[in-house]
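Novice: Following this message is one structure expressed as C-alpha cells.
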Amino acid sequence: MACQCGNGGCSSDYGTPAQVSEKLVTLEIDGIEISVPEGTSLMRAAAEAGVQVPKLCATDSLEPFGSCRLCLVEVEGRRGYPASCTTPVDNGMKVHTQTPKLADIRRGVMELYISDHPLDCLTCSANGNCELQDMAGAVGLREVRYGFEGENHLKATIDESNPYFSYDASKCIVCNRCVRACEEIQGTFALTISGRGFESRVAAGQNEAFFDSECVSCGACVQACPTATLMEKTIIDHGQADHSVITTCAYCGVGCSFRAEMKGDQVVNMVPNKNGHANHGHSCVKGRFAWGYASHPDRITRPMIRENISDPWREVSWEEAIGFAADRFKGIQDKYGKGAIGGIVSSRCTNEEDYLVQKLVRAAFGNNNVDTCARVCHSPTGYGLKQTLGESAGTQTFDSVMQADVIVVIGANPTDGHPVFGSQMKRRLREGAKLIVVDPRAIDLVKSPHIRADHHLKLRPGTNVAIANALAHVIVTEGLVDEDFVAARCETQAFNDWKNFVAEQHNSPEALEDATGVPAQEVRAAARLFANAGNGAIYYGLGVTEHSQGSTMVMAIANLAMATGNIGRLGVGVNPLRGQNNVQGACDMGSFPHELPGYRHVSDDAARGLFESAWGVTLEKEPGLRIPNMFEAALDGSYRGLYCQGEDIVQSDPDTQHVMAAMEAMECVVVQDLFLTETAKFAHVFLPGASFLEKDGTFTNAERRISRVKKVKEPLGGYGDWEATMMLAKAMGYPMHYDHPSEIMDEIARLTPTFHGVSFDKIEKLGSIQWPCNEAAPEGTPTMHIEEFVRGKGKFFVTRYVPTDEKVNLKFPLILTTGRILSHYNVGAQTRRTSNTAWHPEDILEIHPHDAEERGVQDGDWVGIQSRAGETVLHAKVSSRMQPGVVYTTFHHPFSGANVITTDNSDWATNCPEYKVTAVQVVKVTQPSEWQQRYRQFSDHQDDLLKQRESTKVL
Ligand code: SF4
Ligand code: SF4
Ligand code: SF4
Ligand code: FES
C-alpha cells in the first residue's frame, strides 16, 4: 500500500520512474514552467512541479502502463486526452491537468470502478491508506449511478493461502500493478491477468492459490496494490499504523532499509523503504514478513543461572546473573590463567555491541580470545582481499551491477541468500547482461523466467581454485590480459610470477577437466566472455570461502579481476555476498583474535598503543584463540569460560559432536540471546538479548554500508545487549561508561581511520554511509580502488590448486555440499519461529535421480547420511538440480544435524570450516540416527529444565 504515515522514508509517489538524461526539456503545466530530463512523463513532470494528477495504475516504482485512464490531461494544440503517465514531455508543451472536461471524464472512470467495488470503506482494513478511496475524493465522486444488480465480483472468494497476505478479488480494479511489480521489481513472474474484459482477474501461477504458485512472498505486489485487494494480514488483524520508524533488516547482508510501522509500541507492518540505498523499496519474505519472532512466546526475558547444565534454571536479577558470571570467570582465571576465558561476537549484533564485546575481552578479560561467527563464513574474504587489494571488503555498491555487462556468480545463490540483490541482478540480466554461473548445483539463476546463464560451469565441489586457474590460463595464453591496467596498477614481479604459473599446461582447462568435471570448451568460452566484457563483475559467496582453499580462491578471484582490468569503477569489481546482516561489521569491529578494530594486527605496537591509551589498559600483543582453538583448549582443560553474545555455535559450527563435547567441558558458559538456543542449552548463565526492534546501533552490509538500526520498543529483558556487556565489564573490574550506542560509535570513529568521519548524526543525514568515511572521503566511498589499490599496487598471488583432504572413496562415494534457502536464515532460530516454516518445515537432502535410483531412494524417503565425522537422517528429495555424485542440504533445523556430518577440515589461512565438501554415503533408513535420538533426549531434557525454572522476584 502507498504510505500515508508522513513519517519520512515514504516520499511522495511521482507516478513514473525518474529518467536519466543530460538533455532537459522545458514545458508548462497548469501555468507552471518546469524543466525535466528528456523522456520524463507528463505525470512525473507535473508531480515535480507540485501538481498531482489523479492516477491508479501508475506508481513511480513501475514502468507506466496506461490502463486506468484516470490521469488524462489536455495538451494545447493536440487532439484528445492523452494519459499523462505514458506521454513523454516535449519542449514548449502547455499542459492542463484540471479542466471541466477532465473532471467529467475522471468522475466517469471512478464511477465505473466503484460500481463493482464493495462499499465497505469504513470497515475495510485499508481505510485511510487506500488510493482508490483517495482518488474517489480527488475526482469529487459524489454518486454512483450504476447499481450492483448486474454482474459483479463482490462475492469473489478470498485467497488466504499465503501466511502473510490475503488476496480479496472483490476489491481488485485490475490495474496490473501487482503483475508488473512481480515482473519488474521481483523478477519472479508469478502473476498474470487471466481472462478478458469482465472476466479479468489476477492469477497466481497457473490459476493456483498464492501459496502453491511460484510466488516467493517478497511482498512487492502487496506494496504496489492501490487497494485492499492484496493486504498484509497483520494490518487486517491490528489496523493501520499511527507512526513509523526507519530501521534496517536484521537478516541478510543486503541490509535492506525498512519502515517499522507502529501502533503504540506494537509493530503492525514492515514496509521496505523507498529511499533505502541498498534496496530502493524492495524486500524479501524474511525482512518484510518474518519479524514475528521478536514477540514469540519462546523469548526469555529474565536472566537465569544454574550451577551445572543438568540443573534447572533459576530466574535471578540482572545483578545476580552478572555477579555470578563475573565470579566464575574470575575464579577460572585465578585457577587456570588469564587466557582460560574468552568471548564470541555475533554477526547478528550491531557494530557497537560487537565493538564492546571485543573491548570486554581485550580490556577486562585481559586476553585476545575473541572470535566471531564470521570465522565460519567470510574470514577468507578478509584475508584474500587484504592480501591482493589491500582492504578486507567488497569493492562496489549493489547498484553497480546495473552497469555490468558480464556477471560472474561463483558459489553464491543470490535469489535465496541475498534475495533483494538477487532481484536487482535479475533485472540487469533481463536488460541483456551476460551470466556465468560457477556452481555444482543448478541454482535458480541458471534458468529462471527470462534468464538463462550463458555458461554454467557445474564443477565438482572442492575444485574452485582449479576452475579459477583454468579461466586464468585461457586469459593469459589467449592474450586477453588488460596489459595497460596491469602495468599501471599492479606489482610487476608478482604479476609475472602469476602469469607464468597459470600459463603452465597443468592449469589448462583440458588438463583440469578430469578434476573439475567441467568440459574444457565451456571453460574457455566463459573465460573469453568474461575477459572481453566491457564491464565484468564477480559476485561470490560461501561456496568460495567455506573450503580448505577458501582464501586461495578469494585471491584467485581478485587475480582474475585485476588481470582483466575489472576493478576500480562502476559495473565491475570483486563482490563478496555476506551471509548474515552484520558479517562485514563484525569483522570491521576487531572481532578476530589477531586484529583490533579496523583490521590492525594486535602485534602492531602503534595500533595497540592507540587502544591502550584510549582504554587505559595494557593489551596482549599475541593473538588469542580462534573458535576451533577454543574448543580444542576446552577439551584439553586449558579453556574453561565463554561469553557468547547472539551466536549459536552448537548448531552453526562444524563437527557438532566435537563442539558439544567442548561445551560440556567448560565451567562457565554465558549466553546472551533471545531464545534457549542450542548453545544456550550448554549455558550456566543466560542473559536476555534484545531483538533488532529493541536495539539502537548500526549494521554494515556487504557493500560496506553502515545503516542505522533503531529501537522501536524497549528491550523485553530490560537492557540492551551493550548495557549487559558494560555490566559484565564492570563486574570484572573494568568499568566502561556510555550513555548511548552513539557514543560507542564515536569511540570507534576516533580509533579507526576508515571510520573517522562516521557518526550517528551523519548516517541520519545521509541515510547510510559506505566506509572508508574519513577526511579523504567525508561522505563515504561507494567504489573502492579507483585510482590506486588501498595497498598501493595490486598484488597477484600464485594460487596452486591443492585438492582437499576430504576424498571420496568406496565407503563415502558422494560429496555433500550445504547451502541456504530463501525462507530461512542461518541456524533458523528466528525464522523457525515465524510462518516461514510453512515453506521449509525441515531440512531435506537433495540427491540426483541416478544416485537415488542406485540406492533405491525415492522422494520423501528417510535417508541416512554418513560421513567420517558422524551420521544423520533426513528426508530425501530427488532433484536433477544436483549433479550425479553430489548431494545437498541446508542447516536451518537443529535436529537435522547437518553439522554432525561436516568435518573439522578448514581453510588453511583462516580456519573457516570446509562446509562445502564432505564425503558421505547415503542409504535408505527407517529411523533417525543415533545422534539425533540422543540429541532429542538432551534437548527435551533442557526444555524441561527451562520449564522448571523457579520464578523469583527479580524487579
Ligand atoms: S509476493 Fe512477490 S513473488 Fe509473490 S506474487 Fe507478489 S511480487 Fe510476485
Ligand atoms: S490486486 Fe491490486 S495491484 Fe493487482 S490488479 Fe488488483 S488492484 Fe491492481
Ligand atoms: S533478508 Fe536480506 S534481502 Fe531480505 S529484506 Fe532482509 S536484508 Fe533485504
Ligand atoms: S495512471 Fe495513467 S492510465 Fe492509469
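Identifiers for the C-alpha cells are assigned positionally: chains receive A, B, ... in sequence, residues are indexed from 1 per chain, and ligands are indexed from 1 in the order shown.
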Please provide as a PDB file with C-alpha atoms, in the first residue's frame all residues within 12 Å of Glu723 in chain A, with the sequence filter that same-chain residues fewer than 3 positions apart are discarded (counting only C-alpha atoms).

Specialist:
```pdb
ATOM      1  CA  TRP A 318      20.485  -8.890  36.298  1.00  0.00           C
ATOM      2  CA  ILE A 322      26.167 -10.719  36.085  1.00  0.00           C
ATOM      3  CA  GLU A 352      28.512  -1.093  18.698  1.00  0.00           C
ATOM      4  CA  GLU A 353      27.667  -4.346  20.509  1.00  0.00           C
ATOM      5  CA  LEU A 356      32.080  -3.626  23.161  1.00  0.00           C
ATOM      6  CA  VAL A 357      32.408  -7.421  23.387  1.00  0.00           C
ATOM      7  CA  LEU A 360      35.451  -6.515  27.130  1.00  0.00           C
ATOM      8  CA  GLN A 672      23.125 -13.797  25.692  1.00  0.00           C
ATOM      9  CA  LEU A 687      21.220 -13.162  29.702  1.00  0.00           C
ATOM     10  CA  PRO A 688      18.162 -12.000  27.723  1.00  0.00           C
ATOM     11  CA  GLY A 689      19.177 -10.485  24.404  1.00  0.00           C
ATOM     12  CA  ALA A 690      17.436  -7.647  22.602  1.00  0.00           C
ATOM     13  CA  LYS A 695      18.293  -2.126  19.525  1.00  0.00           C
ATOM     14  CA  ASP A 696      19.919   1.192  18.798  1.00  0.00           C
ATOM     15  CA  PRO A 715      14.176  -4.358  25.268  1.00  0.00           C
ATOM     16  CA  GLY A 717      14.691  -8.115  29.024  1.00  0.00           C
ATOM     17  CA  GLY A 718      15.097  -4.579  30.358  1.00  0.00           C
ATOM     18  CA  TYR A 719      18.582  -3.907  28.979  1.00  0.00           C
ATOM     19  CA  GLY A 720      20.214  -3.610  25.596  1.00  0.00           C
ATOM     20  CA  MET A 726      29.062  -2.930  30.212  1.00  0.00           C
ATOM     21  CA  MET A 727      27.677  -4.523  33.380  1.00  0.00           C
ATOM     22  CA  LEU A 728      29.815  -7.607  32.900  1.00  0.00           C
ATOM     23  CA  ALA A 729      32.912  -5.484  32.245  1.00  0.00           C
ATOM     24  CA  LYS A 730      32.293  -3.541  35.434  1.00  0.00           C
ATOM     25  CA  PRO A 735      34.093  -0.267  34.184  1.00  0.00           C
ATOM     26  CA  MET A 736      33.101   1.175  30.823  1.00  0.00           C
ATOM     27  CA  HIS A 737      30.663   4.025  30.553  1.00  0.00           C
ATOM     28  CA  TYR A 738      28.493   5.005  27.621  1.00  0.00           C
ATOM     29  CA  ASP A 739      25.080   6.651  27.820  1.00  0.00           C
ATOM     30  CA  HIS A 740      24.037   5.699  24.321  1.00  0.00           C
ATOM     31  CA  PRO A 741      25.352   3.483  21.495  1.00  0.00           C
ATOM     32  CA  ILE A 744      30.355   3.836  21.232  1.00  0.00           C
TER      33      ILE A 744
END
```

Novice: Do a neighbour search on Leu24 in chain A at 7 Å with only C-alpha atoms, toss out local chain neighbours closer than 3 positions, and write the hits as a PyMOL selection string.

Specialist: chain A and resi 35-38

Novice: Ligand 1: which residues are within 9 Å, counting only C-alpha atoms and all ligand atoms? Reply as a PyMOL selection string.

Specialist: chain A and resi 165+178-183+185-191+204-205+210-211+213-224+230+283-285

Novice: So that each row is one residue of range 658-734 of chain A with an atom at most 7 Å from range 760-780 of chain A, can you give its shortest atom pair and the distance in Å to one decimal, using only C-alpha atoms, rows by chain and rising number, as CSV?

Specialist:
```
residue,atom,partner,partner_atom,distance
A:Glu703,CA,A:Gln770,CA,7.0
A:Arg704,CA,A:Gln770,CA,5.0
A:Arg705,CA,A:Gln770,CA,4.1
A:Ile706,CA,A:Ile769,CA,5.2
A:Ser707,CA,A:Ser768,CA,4.9
```

Novice: So that I have them on file, write out the residues from the current selection with N, CA, C and O atoms, as a compact mmCIF listing (two decimals), in the first residue's frame.

Specialist:
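Saved to part.txt:
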```
# COMPACT_ATOMS: atom_id res chain seq x y z
N GLU A 703 28.04 -4.17 1.19
CA GLU A 703 28.65 -3.09 0.39
C GLU A 703 29.47 -2.14 1.26
O GLU A 703 29.77 -1.04 0.82
N ARG A 704 29.77 -2.52 2.47
CA ARG A 704 30.41 -1.65 3.47
C ARG A 704 29.49 -0.51 3.90
O ARG A 704 29.92 0.52 4.38
N ARG A 705 28.19 -0.68 3.73
CA ARG A 705 27.24 0.39 4.00
C ARG A 705 26.78 0.33 5.46
O ARG A 705 26.21 -0.67 5.89
N ILE A 706 27.06 1.40 6.17
CA ILE A 706 26.67 1.45 7.59
C ILE A 706 25.29 2.11 7.67
O ILE A 706 25.10 3.22 7.19
N SER A 707 24.33 1.38 8.25
CA SER A 707 22.96 1.90 8.33
C SER A 707 22.50 1.83 9.78
O SER A 707 22.92 0.96 10.55
```

Novice: Can you work out which residues are within 9 Å of ligand 3, considering only C-alpha atoms and all ligand atoms, and then hand them over as a compact mmCIF listing (two decimals) with N, CA and C atoms, in the first residue's frame?

Specialist:
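So selection08.txt came out as:
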```txt
# COMPACT_ATOMS: atom_id res chain seq x y z
N CYS A 218 7.68 -12.01 -1.63
CA CYS A 218 8.54 -10.84 -1.40
C CYS A 218 7.73 -9.63 -0.97
N THR A 248 16.77 -1.03 9.93
CA THR A 248 17.43 -1.91 8.95
C THR A 248 17.08 -3.35 9.25
N CYS A 249 16.85 -4.13 8.21
CA CYS A 249 16.54 -5.55 8.36
C CYS A 249 17.68 -6.25 9.09
N ALA A 250 17.30 -7.18 9.96
CA ALA A 250 18.32 -7.88 10.75
C ALA A 250 18.63 -9.25 10.18
N TYR A 251 18.25 -9.53 8.95
CA TYR A 251 18.55 -10.84 8.39
C TYR A 251 19.83 -10.81 7.55
N CYS A 252 19.74 -10.68 6.24
CA CYS A 252 20.96 -10.96 5.46
C CYS A 252 21.83 -9.74 5.19
N GLY A 253 22.93 -9.99 4.53
CA GLY A 253 23.93 -8.95 4.28
C GLY A 253 23.54 -7.92 3.23
N VAL A 254 22.31 -8.00 2.70
CA VAL A 254 21.88 -6.93 1.79
C VAL A 254 21.61 -5.66 2.60
N GLY A 255 21.08 -5.83 3.81
CA GLY A 255 20.88 -4.67 4.67
C GLY A 255 19.77 -3.74 4.20
N CYS A 256 18.60 -4.32 3.93
CA CYS A 256 17.50 -3.50 3.42
C CYS A 256 16.99 -2.55 4.49
N SER A 257 16.62 -1.37 4.02
CA SER A 257 16.05 -0.37 4.91
C SER A 257 14.53 -0.55 4.95
N PHE A 258 13.96 -0.45 6.13
CA PHE A 258 12.53 -0.66 6.31
C PHE A 258 11.92 0.46 7.15
N PRO A 272 9.28 -1.93 3.10
CA PRO A 272 10.60 -1.55 2.59
C PRO A 272 10.66 -0.07 2.24
N ALA A 278 20.24 0.41 -0.15
CA ALA A 278 20.58 -0.95 -0.57
C ALA A 278 19.42 -1.63 -1.28
N ASN A 279 18.19 -1.20 -0.99
CA ASN A 279 17.03 -1.96 -1.51
C ASN A 279 16.05 -1.16 -2.33
N HIS A 282 12.49 -2.39 -2.13
CA HIS A 282 12.14 -3.79 -2.31
C HIS A 282 12.49 -4.58 -1.04
N SER A 283 11.99 -5.80 -0.98
CA SER A 283 12.21 -6.61 0.21
C SER A 283 12.11 -8.08 -0.16
N CYS A 284 12.42 -8.94 0.81
CA CYS A 284 12.14 -10.36 0.63
C CYS A 284 11.25 -10.82 1.77
N VAL A 285 10.85 -12.06 1.70
CA VAL A 285 9.88 -12.58 2.68
C VAL A 285 10.39 -12.46 4.12
N LYS A 286 11.71 -12.53 4.31
CA LYS A 286 12.21 -12.51 5.68
C LYS A 286 12.04 -11.12 6.31
N GLY A 287 12.66 -10.13 5.68
CA GLY A 287 12.58 -8.79 6.26
C GLY A 287 11.17 -8.23 6.25
N ARG A 288 10.41 -8.54 5.22
CA ARG A 288 9.08 -7.96 5.05
C ARG A 288 8.08 -8.55 6.03
N PHE A 289 8.17 -9.88 6.20
CA PHE A 289 7.10 -10.54 6.95
C PHE A 289 7.57 -11.34 8.17
N THR A 415 19.42 -15.40 -5.29
CA THR A 415 17.97 -15.32 -5.18
C THR A 415 17.47 -15.96 -3.88
N ASP A 416 18.25 -16.83 -3.27
CA ASP A 416 17.87 -17.39 -1.97
C ASP A 416 18.59 -16.70 -0.82
N GLY A 417 19.89 -16.49 -0.99
CA GLY A 417 20.71 -15.98 0.12
C GLY A 417 20.66 -14.47 0.25
N HIS A 418 20.51 -13.75 -0.85
CA HIS A 418 20.54 -12.28 -0.85
C HIS A 418 19.44 -11.79 -1.79
N PRO A 419 18.19 -12.10 -1.43
CA PRO A 419 17.10 -12.02 -2.42
C PRO A 419 16.89 -10.66 -3.06
N VAL A 420 17.01 -9.60 -2.30
CA VAL A 420 16.74 -8.29 -2.89
C VAL A 420 17.83 -7.94 -3.90
N PHE A 421 19.06 -8.26 -3.57
CA PHE A 421 20.12 -8.04 -4.56
C PHE A 421 19.93 -9.01 -5.73
N GLY A 422 19.49 -10.23 -5.42
CA GLY A 422 19.22 -11.20 -6.49
C GLY A 422 18.22 -10.65 -7.49
N GLY A 579 26.76 -13.30 4.34
CA GLY A 579 25.59 -14.06 4.76
C GLY A 579 24.69 -13.31 5.72
N GLN A 580 25.16 -13.13 6.94
CA GLN A 580 24.31 -12.51 7.94
C GLN A 580 24.38 -10.99 7.84
N ASN A 581 23.43 -10.37 8.51
CA ASN A 581 23.27 -8.92 8.39
C ASN A 581 24.52 -8.12 8.69
N ASN A 701 26.48 -3.58 5.86
CA ASN A 701 26.10 -4.64 4.92
C ASN A 701 27.27 -5.03 4.02
N LEU A 822 15.70 -19.58 0.79
CA LEU A 822 15.12 -18.25 0.91
C LEU A 822 14.39 -18.02 2.23
N SER A 823 13.56 -18.99 2.62
CA SER A 823 12.66 -18.70 3.74
C SER A 823 13.35 -18.75 5.10
N TYR A 825 16.93 -18.38 7.75
CA TYR A 825 18.11 -17.57 7.99
C TYR A 825 19.04 -18.32 8.93
```

Novice: Given a cut-off of 8 Å, what residues near ligand 4 show up using only C-alpha atoms and all ligand atoms, put as a ChimeraX atom specification?

Specialist: /A:15,43,54-59,64-72,83-86,175

Novice: Would you save the residues of that selection, restricted to N, CA, C and O atoms, as a short mmCIF file (atom, residue, chain, number, x, y, z; two decimals), in the first residue's frame?

Specialist:
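What landed in result.cif:
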```cif
data_model
loop_
_atom_site.label_atom_id
_atom_site.label_comp_id
_atom_site.auth_asym_id
_atom_site.auth_seq_id
_atom_site.Cartn_x
_atom_site.Cartn_y
_atom_site.Cartn_z
N GLY A 15 4.63 8.88 -9.70
CA GLY A 15 3.81 8.27 -10.75
C GLY A 15 4.56 7.39 -11.73
O GLY A 15 4.12 6.31 -12.07
N MET A 43 3.12 13.06 -16.25
CA MET A 43 2.68 12.87 -14.87
C MET A 43 3.80 13.20 -13.89
O MET A 43 3.61 13.91 -12.91
N PRO A 54 -4.51 12.87 -10.82
CA PRO A 54 -5.09 11.62 -10.30
C PRO A 54 -4.57 10.41 -11.07
O PRO A 54 -4.32 10.49 -12.28
N LYS A 55 -4.38 9.32 -10.38
CA LYS A 55 -3.82 8.13 -11.03
C LYS A 55 -4.22 6.90 -10.23
O LYS A 55 -4.47 7.00 -9.02
N LEU A 56 -4.23 5.76 -10.89
CA LEU A 56 -4.44 4.50 -10.18
C LEU A 56 -3.46 3.42 -10.63
O LEU A 56 -2.88 2.71 -9.83
N CYS A 57 -3.26 3.34 -11.95
CA CYS A 57 -2.42 2.23 -12.40
C CYS A 57 -0.94 2.61 -12.41
O CYS A 57 -0.09 1.77 -12.65
N ALA A 58 -0.63 3.87 -12.15
CA ALA A 58 0.78 4.31 -12.19
C ALA A 58 1.34 4.42 -10.79
O ALA A 58 0.65 4.80 -9.85
N THR A 59 2.61 4.11 -10.67
CA THR A 59 3.36 4.35 -9.44
C THR A 59 4.83 4.43 -9.84
O THR A 59 5.24 3.80 -10.82
N PRO A 64 5.27 2.86 -16.67
CA PRO A 64 3.85 3.19 -16.87
C PRO A 64 3.14 2.16 -17.75
O PRO A 64 3.76 1.52 -18.59
N PHE A 65 1.85 2.05 -17.53
CA PHE A 65 1.09 1.00 -18.18
C PHE A 65 -0.10 1.58 -18.94
O PHE A 65 -0.51 1.07 -19.99
N GLY A 66 -0.67 2.66 -18.40
CA GLY A 66 -1.72 3.38 -19.12
C GLY A 66 -3.04 2.65 -19.22
O GLY A 66 -3.65 2.64 -20.28
N SER A 67 -3.50 2.04 -18.13
CA SER A 67 -4.74 1.28 -18.26
C SER A 67 -5.94 1.93 -17.58
O SER A 67 -7.07 1.68 -17.98
N CYS A 68 -5.74 2.75 -16.56
CA CYS A 68 -6.91 3.17 -15.78
C CYS A 68 -7.62 4.39 -16.36
O CYS A 68 -8.77 4.64 -16.04
N ARG A 69 -6.94 5.16 -17.16
CA ARG A 69 -7.48 6.35 -17.83
C ARG A 69 -7.90 7.44 -16.84
O ARG A 69 -8.75 8.27 -17.14
N LEU A 70 -7.34 7.44 -15.67
CA LEU A 70 -7.70 8.46 -14.70
C LEU A 70 -6.80 9.69 -14.83
O LEU A 70 -7.13 10.76 -14.35
N CYS A 71 -5.66 9.50 -15.45
CA CYS A 71 -4.64 10.54 -15.44
C CYS A 71 -4.65 11.38 -16.71
O CYS A 71 -3.67 12.03 -17.04
N LEU A 72 -5.75 11.33 -17.44
CA LEU A 72 -5.81 12.06 -18.71
C LEU A 72 -5.57 13.55 -18.48
O LEU A 72 -5.97 14.10 -17.45
N ALA A 83 -3.03 10.10 -21.84
CA ALA A 83 -2.73 9.67 -20.46
C ALA A 83 -1.38 10.28 -20.07
O ALA A 83 -0.39 10.10 -20.77
N SER A 84 -1.36 10.99 -18.96
CA SER A 84 -0.13 11.70 -18.59
C SER A 84 0.97 10.73 -18.16
O SER A 84 2.14 11.06 -18.19
N CYS A 85 0.59 9.51 -17.77
CA CYS A 85 1.63 8.58 -17.30
C CYS A 85 2.43 7.99 -18.46
O CYS A 85 3.58 7.59 -18.28
N THR A 86 1.80 7.92 -19.64
CA THR A 86 2.51 7.29 -20.77
C THR A 86 2.94 8.32 -21.82
O THR A 86 3.55 7.96 -22.82
N CYS A 175 -5.65 -3.19 -12.11
CA CYS A 175 -4.76 -2.11 -12.56
C CYS A 175 -3.41 -2.66 -13.02
O CYS A 175 -2.60 -1.93 -13.56
#
```

Novice: What does the distance from CA of Glu546 in chain A to CA of Glu914 in chain A come to in Å, to one decimal?

Specialist: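 The value is 4.7 Å.
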
Novice: Could you name the residues that touch range 863-870 of chain A at 10 Å or less, counting only C-alpha atoms, but leaving out those on the same chain fewer than 2 positions away, as a ChimeraX atom specification?

Specialist: /A:654-658,806,811-816,844-845,855,857-858,860-861,872-877,887,897-904,918-931

Novice: From the list A:Ser61, A:Met630, A:Val827, A:Arg608, which residue is nearest Thr679 in chain A when using only C-alpha atoms?

Specialist: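 Between A:Ser61, A:Met630, A:Val827, A:Arg608, the residue approaching Thr679 in chain A most closely is A:Val827.
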
Novice: Which parts of range 29-271 of chain A does DSSP call strand (DSSP E or B) when run on the backbone here, written out as a PyMOL selection string?

Specialist: chain A and resi 29+32-37+41+72+74-75+83+88+94-96+158-159+165-168+191-194+201-204+208+230-232+243-248+252+257-263+266-271

Novice: Residues at most 7 Å from Thr889 in chain A, counting only C-alpha atoms, excluding those fewer than 6 positions away in the same chain, as a list of chain:residue names?

Specialist: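 Skipping anything fewer than 6 positions along the chain leaves A:Thr817, A:Thr818, A:Gly819, A:Asp843, A:Ile844, A:Leu845, A:Glu846.
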
Novice: Can those selected residues be exported to a file as a short mmCIF file (atom, residue, chain, number, x, y, z; two decimals), in the first residue's frame so that it contains N, CA, C and O atoms?

Specialist:
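again.cif, freshly written:
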```
data_model
loop_
_atom_site.label_atom_id
_atom_site.label_comp_id
_atom_site.auth_asym_id
_atom_site.auth_seq_id
_atom_site.Cartn_x
_atom_site.Cartn_y
_atom_site.Cartn_z
N THR A 817 27.34 -31.10 -0.12
CA THR A 817 27.62 -29.68 -0.03
C THR A 817 26.40 -29.03 0.61
O THR A 817 25.28 -29.55 0.52
N THR A 818 26.60 -27.90 1.31
CA THR A 818 25.49 -27.30 2.06
C THR A 818 25.21 -25.89 1.57
O THR A 818 26.05 -25.27 0.92
N GLY A 819 24.03 -25.39 1.90
CA GLY A 819 23.68 -24.04 1.48
C GLY A 819 22.49 -23.56 2.27
O GLY A 819 22.16 -24.12 3.31
N ASP A 843 14.92 -29.59 7.08
CA ASP A 843 16.00 -29.68 6.09
C ASP A 843 15.86 -31.01 5.36
O ASP A 843 15.55 -32.03 5.98
N ILE A 844 16.09 -30.98 4.06
CA ILE A 844 15.99 -32.22 3.29
C ILE A 844 17.27 -32.45 2.51
O ILE A 844 18.06 -31.52 2.32
N LEU A 845 17.46 -33.66 2.04
CA LEU A 845 18.65 -33.98 1.26
C LEU A 845 18.27 -34.04 -0.21
O LEU A 845 17.43 -34.85 -0.60
N GLU A 846 18.89 -33.16 -1.01
CA GLU A 846 18.66 -33.23 -2.46
C GLU A 846 19.66 -34.22 -3.05
O GLU A 846 20.85 -34.15 -2.76
#
```
